[in-house]
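Asks: Have a look at the structure that comes next, please.
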Amino acid sequence: MPALCLCFEVHEPYRLRRYTVFDMGQNSIYEDDDRNCDSLLYAARTCYLPMNDLLLKMIRRHSQDFKVALSISGTALDQFEQYAPEVLDGFKALADTGCVEFMAETAPHSLAFLYSREEFEIQVREQCARIKSLFGKKPVTFRHTEFVYNNDLAAALEKDGFKTVLAEGADHVLGWRSPNYVYRPVSAQKLRLLLRNSALSTDIGLRFSNRDWNEWPLTAEKFASWCHSLAGSAEIINIFNDYHVFGLRHNRDSGIFDFMEALPAAVLGHKDFSFLTPEQVSRKIAPVGEVDVPDFMSWADEERDLTAWLGNDMQKDAIHALYGLASRVRKLGAPDLLHDFQRLQTSDHFHYISTKWFAGYLPDRANPFGSPYDAYITYMNVLADFEMRLAAAEHAALNAAKPRSRPEAGTAGRKAAANAKSRPPAAEKAAKAEKKPANPGKKTPAKPKAAPAKKAAGAAPQSDFTLNGGKRKMS
């Protein structure tokens, strides 16, 4: 009995402000708070609030036969809590239905697995704990940043206790095989691998509002018929997309919300079809074989590789410099530095530095910088200031850990003590001198009082720049 598995990425990055060399050492406000707030509030009005309400309506209408899975990044959760808590309330309402699975990923939406396994493990544990705290259940499905995946990642996830992992159904990996089955990673026998059906996912994710597409307009009935045509050659059809598809990438006038509202009835109209979450797929459908992915792949571009984030020397320089600080930051453990270090790992920072001639930015995820070079210069300026703060904090911690020296300590101290015993102290000498004045008949004139020392004018203490936060509520 074939099933549809609908999964959506929910991610919002924190954008950096234009940080110059003149800011370095002067202030450590790295992010463009106004822009981040405005972007999140616009996304909330246009996408998150209406789509969350629609999903809740669809679940209730279809008596829980409709199911969906969501992967929410830590930076998105931070911004929901900071700027639009009503969005987070909407996701909690979806969790209460029992028809929405919340998957795990790295907390800052990072590529840490490629450079620091320790950092990766910390971020995954933090995100799993947060998902359980917010939505009531520990994640058992993992969706990595930008669907980056290989055999080593599968082995690490199985060791961490995950049951399922999502990845791109790339042609160069599958060959003649179909993505419409459950597979097992060659490096993790107990883990289940769900592969994205790229063609059907892209029909909704990218082509839906393209009037030059020969299948435009795409209706729920047409899409369901394509799925139904796979009944004899598919067990699970995995449709993985960005949540921005709804209202941001395809605006309301395109009909995307109407399409989604009509989709469950169109799919369930075929008696053999159903909707399942990744967790349910792993329990109900057995794997048909193994998939070997020795090299990293992703869901980006035609190549399905990592060049969107690591394709040029500037990107590599930035990310290597960042993770070169990982052990120092973790060893020091300063909360403010740990916070900024995680935020600087968000993959979007490196995507903005991409110079691929065919790498266009989607309208809902535009590059906030004028060019990749501006993005690189800004990022490296921020990283330079961050390293200055890290070095200063390390120096302060080292000085605080040093024991205070005592005058008696060491050979010099012992010699001074021995000399003190062999002669009367200075105070005793002064007392004897008062008893036997040199000229008893002559009064000793009083010593003139010393003029009071002028108080040295010190520099006014420098105040740290702090960001006066505050929630900006939606009107």
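As shown in the structure tokens, the chain order sets the letters A, B, ...; within each chain, residues go from 1, and ligands are also counted from 1 in the order they appear.
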Identify, on the basis of only C-alpha atoms, every residue whose closest approach to A:Arg330 does not exceed 12 Å; exclude the query and any residue fewer than 5 positions from it along the same chain; express the result as a list in words.

Replies: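 The filter keeps Ser116, Glu118, Glu119, Ile122, Tyr323, Gly324, Leu325, Pro335, Asp336, Leu337, Leu338, His339, Phe341, Gln342, Leu390 and Glu394 of chain A.
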
Asks: For A:Gln189, work out the shell of residues within 9 Å, counting only C-alpha atoms and skipping chain neighbours fewer than 3 positions away, then give it as an NGL selection string.

Replies: :A and (155 or 158 or 184-186 or 192 or 290)

Asks: Could you take the residues named above and write them with C-alpha atoms, as a PDB file, in the first residue's frame?

Replies:
ATOM      1  CA  ALA A 155      27.025   5.437  11.271  1.00  0.00           C
ATOM      2  CA  GLU A 158      22.833   5.025  14.463  1.00  0.00           C
ATOM      3  CA  ARG A 184      19.349   0.796   4.620  1.00  0.00           C
ATOM      4  CA  PRO A 185      22.699   2.679   4.787  1.00  0.00           C
ATOM      5  CA  VAL A 186      25.633   0.413   4.048  1.00  0.00           C
ATOM      6  CA  ARG A 192      16.380   3.406   7.808  1.00  0.00           C
ATOM      7  CA  GLU A 290      21.503  -0.999   0.877  1.00  0.00           C
TER       8      GLU A 290
END

Asks: Quick one: pull the distance between atom CA of A:Arg61 and atom CA of A:Ala95, Å, one decimal.

Replies: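 Taking atom CA of A:Arg61 and atom CA of A:Ala95, their separation equals 16.3 Å.
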
Asks: Determine which residues of stretch 99-205 of chain A receive a DSSP assignment of helix (DSSP H, G or I), computed from the backbone, and state them as a PyMOL selection string.

Replies: chain A and resi 112-114+117-135+145-147+151-159+171-174+198-205

Asks: Mind giving me the straight-line distance from atom CA of A:Pro368 to atom CA of A:Trp309 in Å, one decimal?

Replies: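 If I compute the distance from atom CA of A:Pro368 to atom CA of A:Trp309, I get 15.8 Å.
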
Asks: Would you mind listing what lies within 10 Å of A:His270 as a compact mmCIF listing (two decimals) with C-alpha atoms, in the first residue's frame, with only C-alpha atoms counted and same-chain residues fewer than 5 positions away left out?

Replies:
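Saved result, out-v4.txt, follows:
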# COMPACT_ATOMS: atom_id res chain seq x y z
CA ALA A 224 -2.29 13.08 -6.92
CA SER A 225 -2.71 11.31 -10.29
CA CYS A 227 1.46 9.73 -7.33
CA HIS A 228 -1.28 7.18 -8.05
CA ALA A 231 1.12 2.46 -7.21
CA ALA A 265 -8.53 14.44 -0.29
